[in-house]
$ cat upload-v5.json   # JSON, N, CA and C atoms
[["chain", "number", "residue", "atom", "x", "y", "z"],
["A", 1, "MET", "N", -11.69, -15.44, 9.80],
["A", 1, "MET", "CA", -11.90, -15.22, 8.40],
["A", 1, "MET", "C", -10.61, -14.69, 7.79],
["A", 2, "THR", "N", -10.23, -15.22, 6.67],
["A", 2, "THR", "CA", -9.00, -14.79, 6.03],
["A", 2, "THR", "C", -9.30, -13.67, 5.03],
["A", 3, "GLN", "N", -8.36, -12.77, 4.91],
["A", 3, "GLN", "CA", -8.51, -11.70, 3.93],
["A", 3, "GLN", "C", -7.76, -12.10, 2.68],
["A", 4, "GLN", "N", -8.43, -12.00, 1.56],
["A", 4, "GLN", "CA", -7.81, -12.35, 0.30],
["A", 4, "GLN", "C", -7.31, -11.08, -0.37],
["A", 5, "THR", "N", -6.06, -11.09, -0.74],
["A", 5, "THR", "CA", -5.53, -9.97, -1.48],
["A", 5, "THR", "C", -5.51, -10.34, -2.95],
["A", 6, "PRO", "N", -5.94, -9.43, -3.81],
["A", 6, "PRO", "CA", -5.95, -9.76, -5.23],
["A", 6, "PRO", "C", -4.52, -9.89, -5.75],
["A", 7, "PRO", "N", -4.33, -10.75, -6.73],
["A", 7, "PRO", "CA", -2.98, -10.89, -7.29],
["A", 7, "PRO", "C", -2.57, -9.60, -7.98],
["A", 8, "PRO", "N", -1.30, -9.30, -7.99],
["A", 8, "PRO", "CA", -0.86, -8.06, -8.64],
["A", 8, "PRO", "C", -1.12, -8.11, -10.15],
["A", 9, "VAL", "N", -1.46, -6.97, -10.69],
["A", 9, "VAL", "CA", -1.76, -6.88, -12.12],
["A", 9, "VAL", "C", -0.45, -6.79, -12.89],
["A", 10, "SER", "N", -0.34, -7.58, -13.93],
["A", 10, "SER", "CA", 0.90, -7.58, -14.71],
["A", 10, "SER", "C", 0.99, -6.32, -15.57],
["A", 11, "ARG", "N", 2.18, -6.04, -16.02],
["A", 11, "ARG", "CA", 2.40, -4.85, -16.85],
["A", 11, "ARG", "C", 1.64, -4.96, -18.17],
["A", 12, "ALA", "N", 1.57, -6.15, -18.73],
["A", 12, "ALA", "CA", 0.85, -6.35, -20.00],
["A", 12, "ALA", "C", -0.64, -6.07, -19.83],
["A", 13, "GLN", "N", -1.22, -6.54, -18.72],
["A", 13, "GLN", "CA", -2.64, -6.29, -18.48],
["A", 13, "GLN", "C", -2.90, -4.80, -18.31],
["A", 14, "ARG", "N", -2.06, -4.15, -17.56],
["A", 14, "ARG", "CA", -2.23, -2.72, -17.33],
["A", 14, "ARG", "C", -2.10, -1.94, -18.63],
["A", 15, "THR", "N", -1.12, -2.30, -19.45],
["A", 15, "THR", "CA", -0.92, -1.61, -20.73],
["A", 15, "THR", "C", -2.11, -1.82, -21.66],
["A", 16, "LEU", "N", -2.58, -3.05, -21.76],
["A", 16, "LEU", "CA", -3.73, -3.33, -22.62],
["A", 16, "LEU", "C", -4.98, -2.60, -22.14],
["A", 17, "ALA", "N", -5.17, -2.53, -20.84],
["A", 17, "ALA", "CA", -6.33, -1.82, -20.31],
["A", 17, "ALA", "C", -6.25, -0.33, -20.60],
["A", 18, "TYR", "N", -5.06, 0.26, -20.47],
["A", 18, "TYR", "CA", -4.91, 1.68, -20.77],
["A", 18, "TYR", "C", -5.11, 1.96, -22.26],
["A", 19, "ILE", "N", -4.62, 1.08, -23.11],
["A", 19, "ILE", "CA", -4.81, 1.27, -24.55],
["A", 19, "ILE", "C", -6.29, 1.19, -24.90],
["A", 20, "ALA", "N", -7.00, 0.21, -24.33],
["A", 20, "ALA", "CA", -8.43, 0.08, -24.60],
["A", 20, "ALA", "C", -9.19, 1.31, -24.11],
["A", 21, "ALA", "N", -8.85, 1.79, -22.92],
["A", 21, "ALA", "CA", -9.52, 2.98, -22.39],
["A", 21, "ALA", "C", -9.24, 4.20, -23.25],
["A", 22, "ALA", "N", -8.01, 4.34, -23.72],
["A", 22, "ALA", "CA", -7.66, 5.49, -24.57],
["A", 22, "ALA", "C", -8.42, 5.42, -25.90],
["A", 23, "LEU", "N", -8.52, 4.24, -26.48],
["A", 23, "LEU", "CA", -9.27, 4.10, -27.73],
["A", 23, "LEU", "C", -10.74, 4.46, -27.56],
["A", 24, "VAL", "N", -11.32, 4.04, -26.45],
["A", 24, "VAL", "CA", -12.73, 4.36, -26.19],
["A", 24, "VAL", "C", -12.91, 5.86, -25.99],
["A", 25, "VAL", "N", -12.03, 6.48, -25.22],
["A", 25, "VAL", "CA", -12.16, 7.92, -24.95],
["A", 25, "VAL", "C", -12.00, 8.73, -26.24],
["A", 26, "VAL", "N", -10.99, 8.40, -27.04],
["A", 26, "VAL", "CA", -10.78, 9.14, -28.30],
["A", 26, "VAL", "C", -11.95, 8.91, -29.25],
["A", 27, "SER", "N", -12.50, 7.70, -29.26],
["A", 27, "SER", "CA", -13.66, 7.43, -30.11],
["A", 27, "SER", "C", -14.87, 8.25, -29.67],
["A", 28, "LEU", "N", -15.07, 8.36, -28.38],
["A", 28, "LEU", "CA", -16.19, 9.17, -27.88],
["A", 28, "LEU", "C", -15.99, 10.65, -28.21],
["A", 29, "VAL", "N", -14.75, 11.11, -28.17],
["A", 29, "VAL", "CA", -14.46, 12.50, -28.56],
["A", 29, "VAL", "C", -14.75, 12.68, -30.05],
["A", 30, "CYS", "N", -14.41, 11.71, -30.87],
["A", 30, "CYS", "CA", -14.70, 11.79, -32.31],
["A", 30, "CYS", "C", -16.21, 11.81, -32.56],
["A", 31, "ILE", "N", -16.95, 11.01, -31.82],
["A", 31, "ILE", "CA", -18.41, 11.00, -31.98],
["A", 31, "ILE", "C", -18.99, 12.34, -31.57],
["A", 32, "ALA", "N", -18.50, 12.90, -30.47],
["A", 32, "ALA", "CA", -18.96, 14.22, -30.05],
["A", 32, "ALA", "C", -18.62, 15.27, -31.10],
["A", 33, "ALA", "N", -17.42, 15.17, -31.70],
["A", 33, "ALA", "CA", -17.04, 16.13, -32.75],
["A", 33, "ALA", "C", -17.94, 15.99, -33.97],
["A", 34, "MET", "N", -18.32, 14.76, -34.31],
["A", 34, "MET", "CA", -19.23, 14.57, -35.44],
["A", 34, "MET", "C", -20.59, 15.19, -35.15],
["A", 35, "LEU", "N", -21.08, 15.00, -33.93],
["A", 35, "LEU", "CA", -22.38, 15.57, -33.58],
["A", 35, "LEU", "C", -22.34, 17.09, -33.59],
["A", 36, "ILE", "N", -21.29, 17.64, -32.99],
["A", 36, "ILE", "CA", -21.17, 19.10, -32.95],
["A", 36, "ILE", "C", -20.92, 19.66, -34.35],
["A", 37, "GLY", "N", -20.06, 19.01, -35.12],
["A", 37, "GLY", "CA", -19.78, 19.46, -36.49],
["A", 37, "GLY", "C", -20.99, 19.37, -37.39],
["A", 38, "GLY", "N", -21.78, 18.33, -37.21],
["A", 38, "GLY", "CA", -23.00, 18.20, -38.02],
["A", 38, "GLY", "C", -24.02, 19.25, -37.66],
["A", 39, "ALA", "N", -24.13, 19.57, -36.37],
["A", 39, "ALA", "CA", -25.09, 20.59, -35.95],
["A", 39, "ALA", "C", -24.64, 21.99, -36.38],
["A", 40, "ALA", "N", -23.32, 22.20, -36.42],
["A", 40, "ALA", "CA", -22.81, 23.52, -36.79],
["A", 40, "ALA", "C", -22.69, 23.67, -38.30],
["A", 41, "GLY", "N", -22.85, 22.60, -39.04],
["A", 41, "GLY", "CA", -22.74, 22.67, -40.49],
["A", 41, "GLY", "C", -21.31, 22.63, -40.99],
["A", 42, "ALA", "N", -20.36, 22.27, -40.15],
["A", 42, "ALA", "CA", -18.96, 22.27, -40.55],
["A", 42, "ALA", "C", -18.56, 20.98, -41.27],
["A", 43, "MET", "N", -19.32, 19.91, -41.07],
["A", 43, "MET", "CA", -18.97, 18.64, -41.72],
["A", 43, "MET", "C", -19.26, 18.73, -43.21],
["A", 44, "PRO", "N", -18.39, 18.19, -44.03],
["A", 44, "PRO", "CA", -18.66, 18.21, -45.47],
["A", 44, "PRO", "C", -19.84, 17.30, -45.80],
["A", 45, "GLN", "N", -20.38, 17.50, -46.96],
["A", 45, "GLN", "CA", -21.49, 16.66, -47.39],
["A", 45, "GLN", "C", -21.01, 15.22, -47.54],
["A", 46, "GLN", "N", -21.94, 14.32, -47.49],
["A", 46, "GLN", "CA", -21.62, 12.89, -47.56],
["A", 46, "GLN", "C", -20.84, 12.59, -48.84],
["A", 47, "GLY", "N", -19.67, 12.00, -48.72],
["A", 47, "GLY", "CA", -18.90, 11.57, -49.87],
["A", 47, "GLY", "C", -17.84, 12.54, -50.33],
["A", 48, "SER", "N", -17.80, 13.76, -49.81],
["A", 48, "SER", "CA", -16.79, 14.69, -50.29],
["A", 48, "SER", "C", -15.42, 14.37, -49.71],
["A", 49, "GLY", "N", -15.33, 13.98, -48.44],
["A", 49, "GLY", "CA", -14.09, 13.53, -47.83],
["A", 49, "GLY", "C", -12.97, 14.55, -47.86],
["A", 50, "VAL", "N", -13.24, 15.73, -47.37],
["A", 50, "VAL", "CA", -12.24, 16.78, -47.38],
["A", 50, "VAL", "C", -11.78, 17.05, -45.95],
["A", 51, "GLY", "N", -10.46, 17.24, -45.78],
["A", 51, "GLY", "CA", -9.92, 17.64, -44.49],
["A", 51, "GLY", "C", -9.79, 16.48, -43.52],
["A", 52, "LEU", "N", -10.03, 16.79, -42.25],
["A", 52, "LEU", "CA", -9.86, 15.82, -41.17],
["A", 52, "LEU", "C", -11.11, 14.98, -40.92],
["A", 53, "TRP", "N", -12.24, 15.37, -41.49],
["A", 53, "TRP", "CA", -13.49, 14.69, -41.18],
["A", 53, "TRP", "C", -13.52, 13.21, -41.53],
["A", 54, "PRO", "N", -12.93, 12.77, -42.64],
["A", 54, "PRO", "CA", -12.96, 11.31, -42.89],
["A", 54, "PRO", "C", -12.31, 10.50, -41.77],
["A", 55, "ALA", "N", -11.20, 11.00, -41.23],
["A", 55, "ALA", "CA", -10.55, 10.29, -40.12],
["A", 55, "ALA", "C", -11.42, 10.31, -38.87],
["A", 56, "VAL", "N", -12.08, 11.44, -38.63],
["A", 56, "VAL", "CA", -12.96, 11.55, -37.45],
["A", 56, "VAL", "C", -14.14, 10.60, -37.59],
["A", 57, "ILE", "N", -14.62, 10.42, -38.80],
["A", 57, "ILE", "CA", -15.77, 9.53, -39.03],
["A", 57, "ILE", "C", -15.34, 8.07, -38.93],
["A", 58, "VAL", "N", -14.18, 7.70, -39.46],
["A", 58, "VAL", "CA", -13.77, 6.29, -39.54],
["A", 58, "VAL", "C", -13.15, 5.80, -38.23],
["A", 59, "PHE", "N", -12.50, 6.68, -37.48],
["A", 59, "PHE", "CA", -11.79, 6.24, -36.27],
["A", 59, "PHE", "C", -12.66, 5.44, -35.30],
["A", 60, "PRO", "N", -13.87, 5.92, -34.93],
["A", 60, "PRO", "CA", -14.67, 5.10, -34.00],
["A", 60, "PRO", "C", -15.08, 3.75, -34.58],
["A", 61, "LEU", "N", -15.22, 3.69, -35.90],
["A", 61, "LEU", "CA", -15.61, 2.41, -36.52],
["A", 61, "LEU", "C", -14.51, 1.36, -36.38],
["A", 62, "VAL", "N", -13.28, 1.81, -36.28],
["A", 62, "VAL", "CA", -12.15, 0.89, -36.14],
["A", 62, "VAL", "C", -11.77, 0.72, -34.67],
["A", 63, "ALA", "N", -11.81, 1.80, -33.92],
["A", 63, "ALA", "CA", -11.29, 1.78, -32.55],
["A", 63, "ALA", "C", -12.19, 1.02, -31.58],
["A", 64, "PHE", "N", -13.51, 1.13, -31.73],
["A", 64, "PHE", "CA", -14.39, 0.42, -30.79],
["A", 64, "PHE", "C", -14.21, -1.11, -30.85],
["A", 65, "PRO", "N", -14.18, -1.73, -32.04],
["A", 65, "PRO", "CA", -13.93, -3.18, -32.06],
["A", 65, "PRO", "C", -12.56, -3.58, -31.51],
["A", 66, "ILE", "N", -11.54, -2.77, -31.80],
["A", 66, "ILE", "CA", -10.21, -3.07, -31.26],
["A", 66, "ILE", "C", -10.22, -2.98, -29.74],
["A", 67, "ALA", "N", -10.86, -1.96, -29.20],
["A", 67, "ALA", "CA", -10.96, -1.82, -27.74],
["A", 67, "ALA", "C", -11.72, -2.99, -27.13],
["A", 68, "PHE", "N", -12.77, -3.43, -27.80],
["A", 68, "PHE", "CA", -13.54, -4.58, -27.30],
["A", 68, "PHE", "C", -12.68, -5.83, -27.24],
["A", 69, "VAL", "N", -11.90, -6.07, -28.29],
["A", 69, "VAL", "CA", -11.02, -7.24, -28.32],
["A", 69, "VAL", "C", -9.96, -7.13, -27.22],
["A", 70, "LEU", "N", -9.40, -5.94, -27.02],
["A", 70, "LEU", "CA", -8.41, -5.75, -25.96],
["A", 70, "LEU", "C", -9.00, -6.01, -24.57],
["A", 71, "ILE", "N", -10.24, -5.59, -24.36],
["A", 71, "ILE", "CA", -10.88, -5.84, -23.07],
["A", 71, "ILE", "C", -11.08, -7.33, -22.86],
["A", 72, "ILE", "N", -11.47, -8.05, -23.90],
["A", 72, "ILE", "CA", -11.62, -9.51, -23.79],
["A", 72, "ILE", "C", -10.28, -10.15, -23.47],
["A", 73, "VAL", "N", -9.20, -9.69, -24.11],
["A", 73, "VAL", "CA", -7.86, -10.22, -23.83],
["A", 73, "VAL", "C", -7.47, -9.97, -22.38],
["A", 74, "VAL", "N", -7.76, -8.78, -21.87],
["A", 74, "VAL", "CA", -7.44, -8.47, -20.47],
["A", 74, "VAL", "C", -8.22, -9.38, -19.53],
["A", 75, "ILE", "N", -9.47, -9.63, -19.84],
["A", 75, "ILE", "CA", -10.28, -10.53, -19.00],
["A", 75, "ILE", "C", -9.71, -11.95, -19.02],
["A", 76, "ILE", "N", -9.31, -12.43, -20.19],
["A", 76, "ILE", "CA", -8.75, -13.78, -20.29],
["A", 76, "ILE", "C", -7.43, -13.87, -19.53],
["A", 77, "LEU", "N", -6.56, -12.86, -19.69],
["A", 77, "LEU", "CA", -5.29, -12.87, -18.95],
["A", 77, "LEU", "C", -5.52, -12.84, -17.44],
["A", 78, "SER", "N", -6.48, -12.06, -17.01],
["A", 78, "SER", "CA", -6.77, -11.98, -15.58],
["A", 78, "SER", "C", -7.30, -13.31, -15.05],
["A", 79, "ALA", "N", -8.16, -13.95, -15.82],
["A", 79, "ALA", "CA", -8.70, -15.25, -15.40],
["A", 79, "ALA", "C", -7.60, -16.29, -15.31],
["A", 80, "ARG", "N", -6.69, -16.30, -16.29],
["A", 80, "ARG", "CA", -5.58, -17.25, -16.24],
["A", 80, "ARG", "C", -4.68, -17.01, -15.03],
["A", 81, "GLN", "N", -4.41, -15.73, -14.73],
["A", 81, "GLN", "CA", -3.56, -15.41, -13.60],
["A", 81, "GLN", "C", -4.22, -15.81, -12.29],
["A", 82, "ARG", "N", -5.52, -15.56, -12.17],
["A", 82, "ARG", "CA", -6.22, -15.95, -10.94],
["A", 82, "ARG", "C", -6.29, -17.47, -10.79],
["A", 83, "ARG", "N", -6.46, -18.16, -11.93],
["A", 83, "ARG", "CA", -6.53, -19.62, -11.87],
["A", 83, "ARG", "C", -5.20, -20.21, -11.40],
["A", 84, "THR", "N", -4.09, -19.70, -11.92],
["A", 84, "THR", "CA", -2.80, -20.22, -11.49],
["A", 84, "THR", "C", -2.51, -19.86, -10.03],
["A", 85, "ALA", "N", -2.95, -18.68, -9.59],
["A", 85, "ALA", "CA", -2.76, -18.30, -8.20],
["A", 85, "ALA", "C", -3.59, -19.19, -7.28],
["A", 86, "ALA", "N", -4.81, -19.49, -7.68],
["A", 86, "ALA", "CA", -5.67, -20.36, -6.88],
["A", 86, "ALA", "C", -5.12, -21.78, -6.83],
["A", 87, "LYS", "N", -4.57, -22.23, -7.95],
["A", 87, "LYS", "CA", -4.00, -23.58, -7.98],
["A", 87, "LYS", "C", -2.77, -23.66, -7.07],
["A", 88, "ALA", "N", -1.93, -22.63, -7.09],
["A", 88, "ALA", "CA", -0.75, -22.62, -6.22],
["A", 88, "ALA", "C", -1.16, -22.55, -4.75],
["A", 89, "GLU", "N", -2.19, -21.78, -4.46],
["A", 89, "GLU", "CA", -2.67, -21.68, -3.08],
["A", 89, "GLU", "C", -3.26, -23.01, -2.60],
["A", 90, "ALA", "N", -3.97, -23.71, -3.48],
["A", 90, "ALA", "CA", -4.55, -25.01, -3.12],
["A", 90, "ALA", "C", -3.45, -26.03, -2.88],
["A", 91, "GLU", "N", -2.40, -25.99, -3.70],
["A", 91, "GLU", "CA", -1.29, -26.92, -3.49],
["A", 91, "GLU", "C", -0.57, -26.63, -2.18],
["A", 92, "ALA", "N", -0.41, -25.36, -1.85],
["A", 92, "ALA", "CA", 0.23, -25.00, -0.58],
["A", 92, "ALA", "C", -0.62, -25.44, 0.60],
["A", 93, "ALA", "N", -1.93, -25.31, 0.48],
["A", 93, "ALA", "CA", -2.82, -25.74, 1.55],
["A", 93, "ALA", "C", -2.79, -27.26, 1.70],
["A", 94, "ALA", "N", -2.69, -27.98, 0.58],
["A", 94, "ALA", "CA", -2.63, -29.44, 0.64],
["A", 94, "ALA", "C", -1.33, -29.90, 1.28],
["A", 95, "LEU", "N", -0.23, -29.22, 0.98],
["A", 95, "LEU", "CA", 1.04, -29.58, 1.61],
["A", 95, "LEU", "C", 1.02, -29.27, 3.10],
["A", 96, "ALA", "N", 0.39, -28.18, 3.47],
["A", 96, "ALA", "CA", 0.32, -27.83, 4.89],
["A", 96, "ALA", "C", -0.56, -28.81, 5.65],
["A", 97, "ALA", "N", -1.62, -29.30, 5.01],
["A", 97, "ALA", "CA", -2.50, -30.25, 5.67],
["A", 97, "ALA", "C", -1.85, -31.63, 5.79],
["A", 98, "ALA", "N", -1.01, -31.99, 4.84],
["A", 98, "ALA", "CA", -0.37, -33.31, 4.85],
["A", 98, "ALA", "C", 0.81, -33.37, 5.82],
["A", 99, "LYS", "N", 1.32, -32.22, 6.18],
["A", 99, "LYS", "CA", 2.46, -32.19, 7.08],
["A", 99, "LYS", "C", 2.03, -32.62, 8.49],
["A", 100, "PRO", "N", 2.73, -33.61, 9.08],
["A", 100, "PRO", "CA", 2.35, -34.05, 10.42],
["A", 100, "PRO", "C", 2.64, -32.93, 11.44],
["A", 101, "LYS", "N", 1.68, -32.79, 12.33],
["A", 101, "LYS", "CA", 1.84, -31.76, 13.35],
["A", 101, "LYS", "C", 2.61, -32.35, 14.53],
["A", 102, "SER", "N", 3.53, -31.59, 15.03],
["A", 102, "SER", "CA", 4.31, -32.06, 16.17],
["A", 102, "SER", "C", 3.54, -31.81, 17.46],
["A", 103, "ARG", "N", 3.67, -32.74, 18.36],
["A", 103, "ARG", "CA", 3.00, -32.61, 19.64],
["A", 103, "ARG", "C", 3.90, -31.89, 20.62],
["A", 104, "PRO", "N", 3.31, -31.15, 21.48],
["A", 104, "PRO", "CA", 4.14, -30.47, 22.50],
["A", 104, "PRO", "C", 4.78, -31.50, 23.44],
["A", 105, "LYS", "N", 6.02, -31.26, 23.80],
["A", 105, "LYS", "CA", 6.73, -32.17, 24.68],
["A", 105, "LYS", "C", 6.35, -31.86, 26.12],
["A", 106, "GLY", "N", 6.33, -32.86, 26.89],
["A", 106, "GLY", "CA", 5.98, -32.66, 28.30],
["A", 106, "GLY", "C", 5.09, -33.79, 28.76],
["A", 107, "ARG", "N", 4.31, -33.54, 29.80],
["A", 107, "ARG", "CA", 3.42, -34.59, 30.33],
["A", 107, "ARG", "C", 2.26, -34.82, 29.41],
["A", 108, "ARG", "N", 1.79, -36.06, 29.47],
["A", 108, "ARG", "CA", 0.62, -36.43, 28.67],
["A", 108, "ARG", "C", -0.52, -36.79, 29.53]]
$ encode --input "upload-v5.json" --output "structure tokens"
Amino acid sequence: MTQQTPPPVSRAQRTLAYIAAALVVVSLVCIAAMLIGGAAGAMPQQGSGVGLWPAVIVFPLVAFPIAFVLIIVVIILSARQRRTAAKAEAEAAALAAAKPKSRPKGRR
């Protein structure tokens, strides 16, 4: 049985994955801040838009879709990389199979 090693992850894939993860984490922190601020009464009334709260409220609305798109891009890049690796491996196997095998010299 052969062991398959996964293809190395490119720098672009790694960067996009880290950006998506950071956006999700910061969005979850903003949602937690909204819940805690609403329970503590620190959030301004609806529509007043004073201080940092408007950014805390809007950030998850923008960041979650961006993170979703980045995750889809990472999946597409990974699929393309695996497809090209599989194609190169298949071509190498076809060349190895087409190569005539030499017979050992000696008595027959």
$ residues_around --input "upload-v5.json" --residues "range 55-63 of chain A" --least-positions-apart "3" --cutoff "7 Å" --atoms "all atoms listed in the file" --output "mmCIF file with N, CA and C atoms, keeping the file's coordinate frame"
data_model
loop_
_atom_site.group_PDB
_atom_site.id
_atom_site.type_symbol
_atom_site.label_atom_id
_atom_site.label_comp_id
_atom_site.auth_asym_id
_atom_site.auth_seq_id
_atom_site.Cartn_x
_atom_site.Cartn_y
_atom_site.Cartn_z
ATOM 1 N N LEU A 23 -8.520 4.240 -26.480
ATOM 2 C CA LEU A 23 -9.270 4.100 -27.730
ATOM 3 C C LEU A 23 -10.740 4.460 -27.560
ATOM 4 N N VAL A 24 -11.320 4.040 -26.450
ATOM 5 C CA VAL A 24 -12.730 4.360 -26.190
ATOM 6 C C VAL A 24 -12.910 5.860 -25.990
ATOM 7 N N VAL A 26 -10.990 8.400 -27.040
ATOM 8 C CA VAL A 26 -10.780 9.140 -28.300
ATOM 9 C C VAL A 26 -11.950 8.910 -29.250
ATOM 10 N N SER A 27 -12.500 7.700 -29.260
ATOM 11 C CA SER A 27 -13.660 7.430 -30.110
ATOM 12 C C SER A 27 -14.870 8.250 -29.670
ATOM 13 N N LEU A 28 -15.070 8.360 -28.380
ATOM 14 C CA LEU A 28 -16.190 9.170 -27.880
ATOM 15 C C LEU A 28 -15.990 10.650 -28.210
ATOM 16 N N CYS A 30 -14.410 11.710 -30.870
ATOM 17 C CA CYS A 30 -14.700 11.790 -32.310
ATOM 18 C C CYS A 30 -16.210 11.810 -32.560
ATOM 19 N N ILE A 31 -16.950 11.010 -31.820
ATOM 20 C CA ILE A 31 -18.410 11.000 -31.980
ATOM 21 C C ILE A 31 -18.990 12.340 -31.570
ATOM 22 N N MET A 34 -18.320 14.760 -34.310
ATOM 23 C CA MET A 34 -19.230 14.570 -35.440
ATOM 24 C C MET A 34 -20.590 15.190 -35.150
ATOM 25 N N GLY A 51 -10.460 17.240 -45.780
ATOM 26 C CA GLY A 51 -9.920 17.640 -44.490
ATOM 27 C C GLY A 51 -9.790 16.480 -43.520
ATOM 28 N N LEU A 52 -10.030 16.790 -42.250
ATOM 29 C CA LEU A 52 -9.860 15.820 -41.170
ATOM 30 C C LEU A 52 -11.110 14.980 -40.920
ATOM 31 N N ILE A 66 -11.540 -2.770 -31.800
ATOM 32 C CA ILE A 66 -10.210 -3.070 -31.260
ATOM 33 C C ILE A 66 -10.220 -2.980 -29.740
ATOM 34 N N ALA A 67 -10.860 -1.960 -29.200
ATOM 35 C CA ALA A 67 -10.960 -1.820 -27.740
ATOM 36 C C ALA A 67 -11.720 -2.990 -27.130
ATOM 37 N N PHE A 68 -12.770 -3.430 -27.800
ATOM 38 C CA PHE A 68 -13.540 -4.580 -27.300
ATOM 39 C C PHE A 68 -12.680 -5.830 -27.240
#
$ atom_distance --input "upload-v5.json" --atom1 "CA of Val25 in chain A" --atom2 "CA of Ala42 in chain A"
22.3 Å
$ atom_distance --input "upload-v5.json" --atom1 "CA of Ile76 in chain A" --atom2 "CA of Ala88 in chain A"
18.4 Å
$ residues_around --input "upload-v5.json" --residues "Val73 in chain A" --least-positions-apart "3" --cutoff "12 Å" --atoms "only C-alpha atoms" --output "number ranges by chain"
A: 12-17, 19-20, 66-70, 76-80
$ atom_distance --input "upload-v5.json" --atom1 "atom C of Ile75 in chain A" --atom2 "CA of Ala92 in chain A"
24.7 Å
$ closest_residue --input "upload-v5.json" --among "A:Ile71, A:Val50, A:Ala86, A:Ile36" --to "Ala21 in chain A" --atoms "only N, CA and C atoms"
A:Ile71
$ build_atoms --input "upload-v5.json" --residues "range 65-70 of chain A" --atoms "all heavy atoms" --output "CSV table (one decimal), keeping the file's coordinate frame"
chain,number,residue,atom,x,y,z
A,65,PRO,N,-14.2,-1.7,-32.0
A,65,PRO,CA,-13.9,-3.2,-32.1
A,65,PRO,C,-12.6,-3.6,-31.5
A,65,PRO,O,-12.4,-4.6,-30.8
A,65,PRO,CB,-14.1,-3.6,-33.5
A,65,PRO,CG,-14.9,-2.5,-34.1
A,65,PRO,CD,-14.6,-1.2,-33.4
A,66,ILE,N,-11.5,-2.8,-31.8
A,66,ILE,CA,-10.2,-3.1,-31.3
A,66,ILE,C,-10.2,-3.0,-29.7
A,66,ILE,O,-9.7,-3.8,-29.1
A,66,ILE,CB,-9.2,-2.1,-31.9
A,66,ILE,CG1,-9.0,-2.4,-33.4
A,66,ILE,CG2,-7.8,-2.2,-31.2
A,66,ILE,CD1,-8.1,-1.4,-34.1
A,67,ALA,N,-10.9,-2.0,-29.2
A,67,ALA,CA,-11.0,-1.8,-27.7
A,67,ALA,C,-11.7,-3.0,-27.1
A,67,ALA,O,-11.3,-3.5,-26.1
A,67,ALA,CB,-11.6,-0.5,-27.4
A,68,PHE,N,-12.8,-3.4,-27.8
A,68,PHE,CA,-13.5,-4.6,-27.3
A,68,PHE,C,-12.7,-5.8,-27.2
A,68,PHE,O,-12.7,-6.6,-26.2
A,68,PHE,CB,-14.8,-4.8,-28.2
A,68,PHE,CG,-15.6,-5.9,-27.8
A,68,PHE,CD1,-16.4,-5.8,-26.7
A,68,PHE,CD2,-15.6,-7.1,-28.5
A,68,PHE,CE1,-17.2,-6.9,-26.3
A,68,PHE,CE2,-16.4,-8.2,-28.1
A,68,PHE,CZ,-17.2,-8.1,-27.0
A,69,VAL,N,-11.9,-6.1,-28.3
A,69,VAL,CA,-11.0,-7.2,-28.3
A,69,VAL,C,-10.0,-7.1,-27.2
A,69,VAL,O,-9.6,-8.1,-26.5
A,69,VAL,CB,-10.4,-7.4,-29.7
A,69,VAL,CG1,-9.3,-8.4,-29.7
A,69,VAL,CG2,-11.4,-7.8,-30.7
A,70,LEU,N,-9.4,-5.9,-27.0
A,70,LEU,CA,-8.4,-5.8,-26.0
A,70,LEU,C,-9.0,-6.0,-24.6
A,70,LEU,O,-8.3,-6.6,-23.7
A,70,LEU,CB,-7.8,-4.3,-26.0
A,70,LEU,CG,-6.9,-4.1,-27.2
A,70,LEU,CD1,-6.4,-2.6,-27.2
A,70,LEU,CD2,-5.7,-5.0,-27.2
